[in-house]
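Chemist: Please find upload28.cif (mmCIF, C-alpha atoms and all ligand atoms; chains and numbers go by the auth columns) on the next line:
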data_my_file
loop_
_atom_site.group_PDB
_atom_site.id
_atom_site.type_symbol
_atom_site.label_atom_id
_atom_site.label_comp_id
_atom_site.label_asym_id
_atom_site.label_seq_id
_atom_site.Cartn_x
_atom_site.Cartn_y
_atom_site.Cartn_z
_atom_site.B_iso_or_equiv
_atom_site.auth_seq_id
_atom_site.auth_asym_id
ATOM 1 C CA MET A 1 -34.535 -14.918 -2.023 0.00 478 A
ATOM 2 C CA GLY A 2 -34.994 -11.646 -3.794 0.00 479 A
ATOM 3 C CA GLN A 3 -31.911 -9.496 -3.839 0.00 480 A
ATOM 4 C CA THR A 4 -28.806 -10.709 -5.717 0.00 481 A
ATOM 5 C CA LYS A 5 -26.271 -12.269 -3.406 0.00 482 A
ATOM 6 C CA ILE A 6 -22.507 -12.280 -3.829 0.00 483 A
ATOM 7 C CA VAL A 7 -20.905 -15.715 -3.687 0.00 484 A
ATOM 8 C CA ALA A 8 -17.117 -15.761 -3.820 0.00 485 A
ATOM 9 C CA ALA A 9 -14.510 -18.526 -3.777 0.00 486 A
ATOM 10 C CA ASN A 10 -11.048 -18.012 -2.319 0.00 487 A
ATOM 11 C CA PHE A 11 -8.859 -20.890 -3.485 0.00 488 A
ATOM 12 C CA LYS A 12 -5.920 -19.656 -1.367 0.00 489 A
ATOM 13 C CA CYS A 13 -2.766 -21.718 -2.116 0.00 490 A
ATOM 14 C CA ASN A 14 -4.717 -24.628 -3.622 0.00 491 A
ATOM 15 C CA LEU A 15 -5.229 -26.142 -7.073 0.00 492 A
ATOM 16 C CA THR A 16 -2.784 -26.063 -9.962 0.00 493 A
ATOM 17 C CA ARG A 17 -3.209 -23.809 -12.975 0.00 494 A
ATOM 18 C CA ALA A 18 -4.565 -26.744 -15.018 0.00 495 A
ATOM 19 C CA GLN A 19 -7.045 -27.702 -12.285 0.00 496 A
ATOM 20 C CA THR A 20 -8.142 -24.091 -11.846 0.00 497 A
ATOM 21 C CA LYS A 21 -8.667 -23.563 -15.556 0.00 498 A
ATOM 22 C CA SER A 22 -10.793 -26.669 -15.900 0.00 499 A
ATOM 23 C CA TYR A 23 -12.778 -25.839 -12.726 0.00 500 A
ATOM 24 C CA ILE A 24 -13.539 -22.271 -13.803 0.00 501 A
ATOM 25 C CA GLU A 25 -14.429 -23.153 -17.384 0.00 502 A
ATOM 26 C CA ASN A 26 -16.811 -25.851 -16.156 0.00 503 A
ATOM 27 C CA LEU A 27 -18.289 -23.557 -13.533 0.00 504 A
ATOM 28 C CA ASP A 28 -18.876 -20.842 -16.110 0.00 505 A
ATOM 29 C CA SER A 29 -20.624 -23.302 -18.443 0.00 506 A
ATOM 30 C CA ALA A 30 -22.789 -24.685 -15.639 0.00 507 A
ATOM 31 C CA LEU A 31 -23.798 -21.207 -14.514 0.00 508 A
ATOM 32 C CA ALA A 32 -24.564 -20.080 -18.055 0.00 509 A
ATOM 33 C CA ARG A 33 -26.601 -23.197 -18.798 0.00 510 A
ATOM 34 C CA ASP A 34 -28.962 -22.926 -15.876 0.00 511 A
ATOM 35 C CA PHE A 35 -29.220 -19.130 -15.720 0.00 512 A
ATOM 36 C CA ARG A 36 -27.998 -19.420 -12.142 0.00 513 A
ATOM 37 C CA ALA A 37 -25.800 -16.398 -12.648 0.00 514 A
ATOM 38 C CA GLU A 38 -28.890 -14.197 -12.569 0.00 515 A
ATOM 39 C CA SER A 39 -29.435 -14.754 -8.855 0.00 516 A
ATOM 40 C CA ALA A 40 -25.875 -14.592 -7.646 0.00 517 A
ATOM 41 C CA ARG A 41 -22.895 -12.485 -8.449 0.00 518 A
ATOM 42 C CA VAL A 42 -20.025 -14.977 -8.507 0.00 519 A
ATOM 43 C CA ALA A 43 -16.338 -14.186 -8.031 0.00 520 A
ATOM 44 C CA VAL A 44 -13.397 -16.588 -7.946 0.00 521 A
ATOM 45 C CA PHE A 45 -10.008 -15.759 -6.472 0.00 522 A
ATOM 46 C CA PRO A 46 -7.538 -18.338 -7.799 0.00 523 A
ATOM 47 C CA ASN A 47 -3.947 -18.757 -6.740 0.00 524 A
ATOM 48 C CA GLN A 48 -1.628 -16.197 -8.335 0.00 525 A
ATOM 49 C CA SER A 49 0.013 -18.788 -10.601 0.00 526 A
ATOM 50 C CA ALA A 50 -3.425 -19.758 -11.895 0.00 527 A
ATOM 51 C CA LEU A 51 -4.838 -16.337 -12.744 0.00 528 A
ATOM 52 C CA LEU A 52 -6.998 -16.455 -15.859 0.00 529 A
ATOM 53 C CA GLU A 53 -8.145 -13.732 -18.152 0.00 530 A
ATOM 54 C CA ASN A 54 -11.180 -12.040 -16.657 0.00 531 A
ATOM 55 C CA LYS A 55 -13.444 -12.730 -19.597 0.00 532 A
ATOM 56 C CA PHE A 56 -16.078 -15.144 -18.318 0.00 533 A
ATOM 57 C CA SER A 57 -19.717 -14.296 -18.811 0.00 534 A
ATOM 58 C CA THR A 58 -21.041 -15.534 -15.462 0.00 535 A
ATOM 59 C CA LEU A 59 -18.205 -14.901 -13.031 0.00 536 A
ATOM 60 C CA THR A 60 -15.443 -12.483 -12.183 0.00 537 A
ATOM 61 C CA ILE A 61 -11.817 -13.456 -11.674 0.00 538 A
ATOM 62 C CA GLY A 62 -10.112 -11.605 -8.846 0.00 539 A
ATOM 63 C CA ALA A 63 -6.651 -11.524 -7.280 0.00 540 A
ATOM 64 C CA GLN A 64 -6.058 -12.798 -3.748 0.00 541 A
ATOM 65 C CA ASN A 65 -3.311 -10.236 -3.310 0.00 542 A
ATOM 66 C CA ALA A 66 -1.098 -7.782 -5.176 0.00 543 A
ATOM 67 C CA THR A 67 1.327 -5.087 -4.212 0.00 544 A
ATOM 68 C CA ASN A 68 0.402 -1.428 -4.386 0.00 545 A
ATOM 69 C CA ALA A 69 2.564 -0.561 -7.366 0.00 546 A
ATOM 70 C CA GLN A 70 2.389 -0.638 -11.111 0.00 547 A
ATOM 71 C CA ASN A 71 5.564 -2.790 -11.234 0.00 548 A
ATOM 72 C CA GLY A 72 9.082 -2.609 -9.803 0.00 549 A
ATOM 73 C CA ALA A 73 11.552 -4.215 -7.421 0.00 550 A
ATOM 74 C CA PHE A 74 9.085 -6.177 -5.283 0.00 551 A
ATOM 75 C CA THR A 75 10.402 -9.727 -5.252 0.00 552 A
ATOM 76 C CA GLY A 76 7.670 -12.318 -5.038 0.00 553 A
ATOM 77 C CA GLU A 77 4.831 -9.890 -5.661 0.00 554 A
ATOM 78 C CA ILE A 78 2.566 -9.048 -8.556 0.00 555 A
ATOM 79 C CA GLY A 79 1.486 -5.504 -9.385 0.00 556 A
ATOM 80 C CA LEU A 80 -1.033 -3.610 -11.411 0.00 557 A
ATOM 81 C CA GLU A 81 0.754 -4.334 -14.683 0.00 558 A
ATOM 82 C CA GLN A 82 0.412 -8.088 -14.171 0.00 559 A
ATOM 83 C CA LEU A 83 -3.251 -7.819 -13.173 0.00 560 A
ATOM 84 C CA ALA A 84 -4.005 -5.612 -16.164 0.00 561 A
ATOM 85 C CA GLU A 85 -2.698 -8.298 -18.504 0.00 562 A
ATOM 86 C CA PHE A 86 -5.523 -10.513 -17.261 0.00 563 A
ATOM 87 C CA GLY A 87 -8.108 -7.723 -17.279 0.00 564 A
ATOM 88 C CA ILE A 88 -8.437 -8.155 -13.514 0.00 565 A
ATOM 89 C CA ASN A 89 -9.955 -5.298 -11.534 0.00 566 A
ATOM 90 C CA THR A 90 -11.119 -7.140 -8.417 0.00 567 A
ATOM 91 C CA ILE A 91 -8.924 -7.819 -5.394 0.00 568 A
ATOM 92 C CA LEU A 92 -9.050 -9.232 -1.863 0.00 569 A
ATOM 93 C CA ILE A 93 -7.386 -6.949 0.665 0.00 570 A
ATOM 94 C CA GLY A 94 -6.816 -7.544 4.364 0.00 571 A
ATOM 95 C CA HIS A 95 -7.425 -11.282 4.532 0.00 572 A
ATOM 96 C CA SER A 96 -6.505 -12.547 8.004 0.00 573 A
ATOM 97 C CA GLU A 97 -3.967 -14.952 6.505 0.00 574 A
ATOM 98 C CA ARG A 98 -2.167 -11.967 4.941 0.00 575 A
ATOM 99 C CA ARG A 99 -2.394 -10.064 8.219 0.00 576 A
ATOM 100 C CA THR A 100 -1.245 -12.883 10.496 0.00 577 A
ATOM 101 C CA LEU A 101 1.025 -15.131 8.396 0.00 578 A
ATOM 102 C CA PHE A 102 2.547 -12.405 6.213 0.00 579 A
ATOM 103 C CA TYR A 103 2.562 -9.607 8.770 0.00 580 A
ATOM 104 C CA GLU A 104 0.498 -7.061 6.845 0.00 581 A
ATOM 105 C CA ASN A 105 -0.391 -4.399 9.367 0.00 582 A
ATOM 106 C CA GLN A 106 -3.287 -1.951 9.182 0.00 583 A
ATOM 107 C CA LYS A 107 -1.033 0.686 7.605 0.00 584 A
ATOM 108 C CA ASN A 108 0.064 -1.671 4.788 0.00 585 A
ATOM 109 C CA VAL A 109 -3.501 -2.800 4.247 0.00 586 A
ATOM 110 C CA ALA A 110 -4.779 0.798 4.118 0.00 587 A
ATOM 111 C CA GLN A 111 -2.066 1.784 1.594 0.00 588 A
ATOM 112 C CA LYS A 112 -2.990 -1.134 -0.605 0.00 589 A
ATOM 113 C CA PHE A 113 -6.660 -0.234 -0.292 0.00 590 A
ATOM 114 C CA ALA A 114 -6.031 3.398 -1.298 0.00 591 A
ATOM 115 C CA PHE A 115 -3.930 2.355 -4.295 0.00 592 A
ATOM 116 C CA PHE A 116 -6.515 -0.033 -5.720 0.00 593 A
ATOM 117 C CA LYS A 117 -9.418 2.227 -4.846 0.00 594 A
ATOM 118 C CA GLU A 118 -7.834 4.999 -6.875 0.00 595 A
ATOM 119 C CA ARG A 119 -7.703 2.596 -9.798 0.00 596 A
ATOM 120 C CA ASN A 120 -11.372 1.835 -9.316 0.00 597 A
ATOM 121 C CA PHE A 121 -10.934 -1.798 -8.343 0.00 598 A
ATOM 122 C CA THR A 122 -13.736 -3.743 -6.736 0.00 599 A
ATOM 123 C CA ILE A 123 -12.245 -4.408 -3.318 0.00 600 A
ATOM 124 C CA PHE A 124 -13.298 -7.328 -1.160 0.00 601 A
ATOM 125 C CA TYR A 125 -12.034 -5.929 2.124 0.00 602 A
ATOM 126 C CA CYS A 126 -11.606 -8.630 4.774 0.00 603 A
ATOM 127 C CA ILE A 127 -11.828 -8.131 8.498 0.00 604 A
ATOM 128 C CA GLY A 128 -12.308 -10.446 11.438 0.00 605 A
ATOM 129 C CA GLU A 129 -11.330 -10.950 15.036 0.00 606 A
ATOM 130 C CA SER A 130 -9.368 -13.680 16.805 0.00 607 A
ATOM 131 C CA LEU A 131 -10.932 -15.947 19.404 0.00 608 A
ATOM 132 C CA GLU A 132 -9.126 -13.983 22.085 0.00 609 A
ATOM 133 C CA VAL A 133 -10.800 -10.747 20.971 0.00 610 A
ATOM 134 C CA ARG A 134 -14.209 -12.441 20.751 0.00 611 A
ATOM 135 C CA GLN A 135 -13.818 -13.799 24.280 0.00 612 A
ATOM 136 C CA SER A 136 -12.766 -10.393 25.581 0.00 613 A
ATOM 137 C CA GLY A 137 -16.122 -8.965 24.414 0.00 614 A
ATOM 138 C CA LYS A 138 -14.400 -6.221 22.401 0.00 615 A
ATOM 139 C CA VAL A 139 -15.412 -7.337 18.908 0.00 616 A
ATOM 140 C CA ALA A 140 -16.974 -4.027 17.810 0.00 617 A
ATOM 141 C CA GLU A 141 -13.942 -1.972 18.866 0.00 618 A
ATOM 142 C CA PHE A 142 -11.573 -4.399 17.203 0.00 619 A
ATOM 143 C CA LEU A 143 -13.481 -4.461 13.920 0.00 620 A
ATOM 144 C CA GLN A 144 -13.676 -0.701 13.941 0.00 621 A
ATOM 145 C CA SER A 145 -9.880 -0.586 14.235 0.00 622 A
ATOM 146 C CA GLN A 146 -9.645 -2.624 11.034 0.00 623 A
ATOM 147 C CA PHE A 147 -11.348 0.235 9.197 0.00 624 A
ATOM 148 C CA GLU A 148 -8.582 2.668 10.097 0.00 625 A
ATOM 149 C CA GLY A 149 -7.447 4.388 6.904 0.00 626 A
ATOM 150 C CA ILE A 150 -10.131 2.628 4.850 0.00 627 A
ATOM 151 C CA ASP A 151 -12.617 4.597 2.760 0.00 628 A
ATOM 152 C CA VAL A 152 -15.860 2.796 3.591 0.00 629 A
ATOM 153 C CA LYS A 153 -17.611 4.930 0.992 0.00 630 A
ATOM 154 C CA HIS A 154 -15.608 3.476 -1.901 0.00 631 A
ATOM 155 C CA LYS A 155 -18.330 2.686 -4.402 0.00 632 A
ATOM 156 C CA ASN A 156 -16.885 -0.695 -5.367 0.00 633 A
ATOM 157 C CA LEU A 157 -16.378 -1.906 -1.824 0.00 634 A
ATOM 158 C CA ILE A 158 -17.523 -5.278 -0.535 0.00 635 A
ATOM 159 C CA ILE A 159 -16.790 -6.090 3.098 0.00 636 A
ATOM 160 C CA ALA A 160 -16.087 -9.687 4.107 0.00 637 A
ATOM 161 C CA TYR A 161 -16.409 -10.466 7.795 0.00 638 A
ATOM 162 C CA GLU A 162 -14.336 -13.556 8.493 0.00 639 A
ATOM 163 C CA PRO A 163 -13.781 -14.363 12.170 0.00 640 A
ATOM 164 C CA ILE A 164 -10.339 -15.988 12.352 0.00 641 A
ATOM 165 C CA TRP A 165 -11.573 -18.691 14.703 0.00 642 A
ATOM 166 C CA ALA A 166 -14.100 -19.868 12.109 0.00 643 A
ATOM 167 C CA ILE A 167 -11.720 -19.988 9.133 0.00 644 A
ATOM 168 C CA GLY A 168 -10.736 -23.494 8.080 0.00 645 A
ATOM 169 C CA THR A 169 -12.005 -24.984 11.333 0.00 646 A
ATOM 170 C CA GLY A 170 -15.169 -26.601 9.980 0.00 647 A
ATOM 171 C CA VAL A 171 -17.112 -24.672 12.613 0.00 648 A
ATOM 172 C CA SER A 172 -18.794 -21.573 11.296 0.00 649 A
ATOM 173 C CA ALA A 173 -19.812 -18.719 13.582 0.00 650 A
ATOM 174 C CA SER A 174 -23.369 -19.270 14.845 0.00 651 A
ATOM 175 C CA LEU A 175 -26.237 -17.595 13.014 0.00 652 A
ATOM 176 C CA LYS A 176 -26.701 -15.305 16.006 0.00 653 A
ATOM 177 C CA GLU A 177 -23.025 -14.329 16.070 0.00 654 A
ATOM 178 C CA ILE A 178 -23.121 -13.571 12.348 0.00 655 A
ATOM 179 C CA GLN A 179 -26.345 -11.596 12.629 0.00 656 A
ATOM 180 C CA ASP A 180 -25.155 -9.562 15.630 0.00 657 A
ATOM 181 C CA THR A 181 -21.775 -8.798 14.087 0.00 658 A
ATOM 182 C CA HIS A 182 -23.222 -7.852 10.706 0.00 659 A
ATOM 183 C CA LYS A 183 -25.590 -5.486 12.451 0.00 660 A
ATOM 184 C CA ILE A 184 -22.580 -3.710 13.946 0.00 661 A
ATOM 185 C CA LEU A 185 -20.829 -3.664 10.567 0.00 662 A
ATOM 186 C CA ARG A 186 -23.903 -2.203 8.900 0.00 663 A
ATOM 187 C CA SER A 187 -23.583 0.764 11.232 0.00 664 A
ATOM 188 C CA PHE A 188 -20.037 1.319 9.897 0.00 665 A
ATOM 189 C CA SER A 189 -20.781 1.035 6.170 0.00 666 A
ATOM 190 C CA SER A 190 -23.547 0.552 3.645 0.00 667 A
ATOM 191 C CA ALA A 191 -21.331 -1.655 1.446 0.00 668 A
ATOM 192 C CA PRO A 192 -22.474 -5.259 0.817 0.00 669 A
ATOM 193 C CA LEU A 193 -21.478 -7.491 3.740 0.00 670 A
ATOM 194 C CA LEU A 194 -20.240 -11.037 3.200 0.00 671 A
ATOM 195 C CA TYR A 195 -19.684 -13.672 5.840 0.00 672 A
ATOM 196 C CA GLY A 196 -16.765 -16.107 5.575 0.00 673 A
ATOM 197 C CA GLY A 197 -15.515 -18.887 7.844 0.00 674 A
ATOM 198 C CA SER A 198 -16.405 -22.540 7.272 0.00 675 A
ATOM 199 C CA VAL A 199 -19.289 -21.771 4.939 0.00 676 A
ATOM 200 C CA ASN A 200 -20.336 -24.969 3.199 0.00 677 A
ATOM 201 C CA GLU A 201 -23.140 -26.413 1.095 0.00 678 A
ATOM 202 C CA LYS A 202 -25.091 -27.305 4.267 0.00 679 A
ATOM 203 C CA ASN A 203 -25.012 -24.017 6.173 0.00 680 A
ATOM 204 C CA ALA A 204 -24.965 -21.539 3.258 0.00 681 A
ATOM 205 C CA LYS A 205 -28.712 -21.171 2.862 0.00 682 A
ATOM 206 C CA ASP A 206 -29.311 -20.274 6.508 0.00 683 A
ATOM 207 C CA ILE A 207 -26.396 -17.852 6.537 0.00 684 A
ATOM 208 C CA LEU A 208 -27.509 -16.204 3.299 0.00 685 A
ATOM 209 C CA SER A 209 -31.016 -15.761 4.714 0.00 686 A
ATOM 210 C CA LEU A 210 -29.841 -13.599 7.615 0.00 687 A
ATOM 211 C CA PRO A 211 -30.501 -9.860 7.589 0.00 688 A
ATOM 212 C CA ASN A 212 -27.453 -7.817 6.567 0.00 689 A
ATOM 213 C CA VAL A 213 -25.779 -10.814 4.937 0.00 690 A
ATOM 214 C CA ASP A 214 -25.326 -9.970 1.273 0.00 691 A
ATOM 215 C CA GLY A 215 -23.179 -12.946 0.397 0.00 692 A
ATOM 216 C CA VAL A 216 -20.504 -15.408 1.422 0.00 693 A
ATOM 217 C CA LEU A 217 -16.765 -15.819 0.913 0.00 694 A
ATOM 218 C CA VAL A 218 -15.906 -19.501 0.778 0.00 695 A
ATOM 219 C CA GLY A 219 -12.522 -21.193 1.237 0.00 696 A
ATOM 220 C CA SER A 220 -12.286 -24.987 1.665 0.00 697 A
ATOM 221 C CA ALA A 221 -15.785 -25.833 0.425 0.00 698 A
ATOM 222 C CA SER A 222 -15.155 -23.919 -2.811 0.00 699 A
ATOM 223 C CA LEU A 223 -12.337 -26.263 -3.811 0.00 700 A
ATOM 224 C CA GLU A 224 -14.873 -28.787 -5.076 0.00 701 A
ATOM 225 C CA LYS A 225 -16.905 -27.348 -7.915 0.00 702 A
ATOM 226 C CA GLU A 226 -20.058 -29.306 -7.065 0.00 703 A
ATOM 227 C CA LYS A 227 -20.071 -28.005 -3.505 0.00 704 A
ATOM 228 C CA PHE A 228 -19.461 -24.458 -4.665 0.00 705 A
ATOM 229 C CA LEU A 229 -22.324 -24.776 -7.156 0.00 706 A
ATOM 230 C CA GLN A 230 -24.590 -25.948 -4.339 0.00 707 A
ATOM 231 C CA ILE A 231 -23.584 -22.897 -2.324 0.00 708 A
ATOM 232 C CA ILE A 232 -24.389 -20.665 -5.303 0.00 709 A
ATOM 233 C CA ASP A 233 -27.752 -22.386 -5.566 0.00 710 A
ATOM 234 C CA SER A 234 -28.425 -21.512 -1.907 0.00 711 A
ATOM 235 C CA ALA A 235 -28.492 -17.864 -2.949 0.00 712 A
ATOM 236 C CA PHE A 236 -31.763 -18.381 -4.833 0.00 713 A
HETATM 237 P P1 LIG B . -12.874 -21.536 4.943 0.00 801 A
HETATM 238 O O1 LIG B . -14.148 -21.506 4.152 0.00 801 A
HETATM 239 O O2 LIG B . -11.952 -22.657 4.546 0.00 801 A
HETATM 240 O O3 LIG B . -13.133 -21.482 6.411 0.00 801 A
HETATM 241 O O4 LIG B . -12.068 -20.198 4.560 0.00 801 A
HETATM 242 C C1 LIG B . -12.715 -18.978 4.624 0.00 801 A
HETATM 243 C C2 LIG B . -11.833 -17.941 4.066 0.00 801 A
HETATM 244 O O5 LIG B . -10.818 -17.594 4.628 0.00 801 A
HETATM 245 C C3 LIG B . -12.233 -17.337 2.777 0.00 801 A
HETATM 246 O O6 LIG B . -11.477 -16.196 2.487 0.00 801 A
#
Take the structure in the file and give it back as structure tokens.

Modeler:
Amino acid sequence: MGQTKIVAANFKCNLTRAQTKSYIENLDSALARDFRAESARVAVFPNQSALLENKFSTLTIGAQNATNAQNGAFTGEIGLEQLAEFGINTILIGHSERRTLFYENQKNVAQKFAFFKERNFTIFYCIGESLEVRQSGKVAEFLQSQFEGIDVKHKNLIIAYEPIWAIGTGVSASLKEIQDTHKILRSFSSAPLLYGGSVNEKNAKDILSLPNVDGVLVGSASLEKEKFLQIIDSAF
């Protein structure tokens, strides 16, 4: 398929530390064995209690979330100091589950972005509209509003477009919807653009073949290593 694609797994609040460790070690071995890692840049975002040292040869370990501080009185959070212990310098910011379930507003998200950008993190910045916004026909305006306070020129930026209505529903956005939306996003930024929302081993190849799709961010289907490996293979 030519250009290297980015294939990322977001485990969310799934898998124990033991399960995650075994999954990632096996994934790393499988990728190393078959030289698959040469065609895809793989990142895994495990649950916070299952963070592993970022020392694998074929994949990067990232954090699903962290607070924008070195350390301090932030009950329930992890900060830079905890990430540094694992050698982690990749983070997801702005995931719709953080925005909707944990009330992170655009200001919080932008502060977090600025903090980790300053520390040169690779930031997977997530955006995506609700069904209501999609039906109102105001997708471009809405997505643009999710870039408020965000430096789209950050050199280690990866943008993940994840329409909320396609996350965890088993129904991905259509190829046309993905293509049209990524075209809009390309006009906002030259950063790699990932699609996320019910990506699985069956639809990944078609999605990854679309123009302006530089990779995928996978939730549910990444929980089984074999399925995730098949998705990585679709990037060839
Ligand atoms: P699903 O693949 O389960 O729809 O989740 C997508 C997602 O939110 C990845 O960040």

Chemist: When distances are computed from all atoms listed in the file, which of A:Phe713, A:Phe601, A:Phe563, A:Phe619 shows the smallest separation from ligand LIG 801 (chain A)?

Modeler: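 Under the stated criterion, the closest residue is A:Phe601.
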
Chemist: Can you tell me which residues surround Asn566 (chain A) at a distance of at most 7 Å, considering all atoms listed in the file, apart from same-chain residues fewer than 6 positions away, and format the answer as a PDB file with C-alpha atoms, in the frame of the given file?

Modeler:
ATOM      1  CA  GLY A 539     -10.112 -11.605  -8.846  1.00  0.00           C
ATOM      2  CA  PHE A 598     -10.934  -1.798  -8.343  1.00  0.00           C
ATOM      3  CA  THR A 599     -13.736  -3.743  -6.736  1.00  0.00           C
TER       4      THR A 599
END

Chemist: Using all atoms listed in the file, which of A:Thr537, A:Asn503, A:Gln480, A:Asn487 sits nearest Glu703 (chain A)?

Modeler: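 For Glu703 (chain A), the nearest of the given residues is A:Asn503.
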
Chemist: In Å, rounded to a single decimal, give me how far CA of Ile555 (chain A) is from CA of Leu492 (chain A).

Modeler: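 Distance reported for this atom pair: 18.8 Å.
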
Chemist: Determine the nearest neighbour of ligand LIG 801 (chain A) from the options A:Phe665, A:Phe579, A:Phe593, A:Phe522, counting only C-alpha atoms and all ligand atoms.

Modeler: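 Ranked by minimum distance to ligand LIG 801 (chain A), first place goes to A:Phe522.
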
Chemist: Would you write out, as a PyMOL selection string, every residue that the PyMOL selection byres (((not hetatm)) within 7 of (chain A and resi 801)) captures in this file?

Modeler: chain A and resi 487+572+639+643-647+673-676+694-698
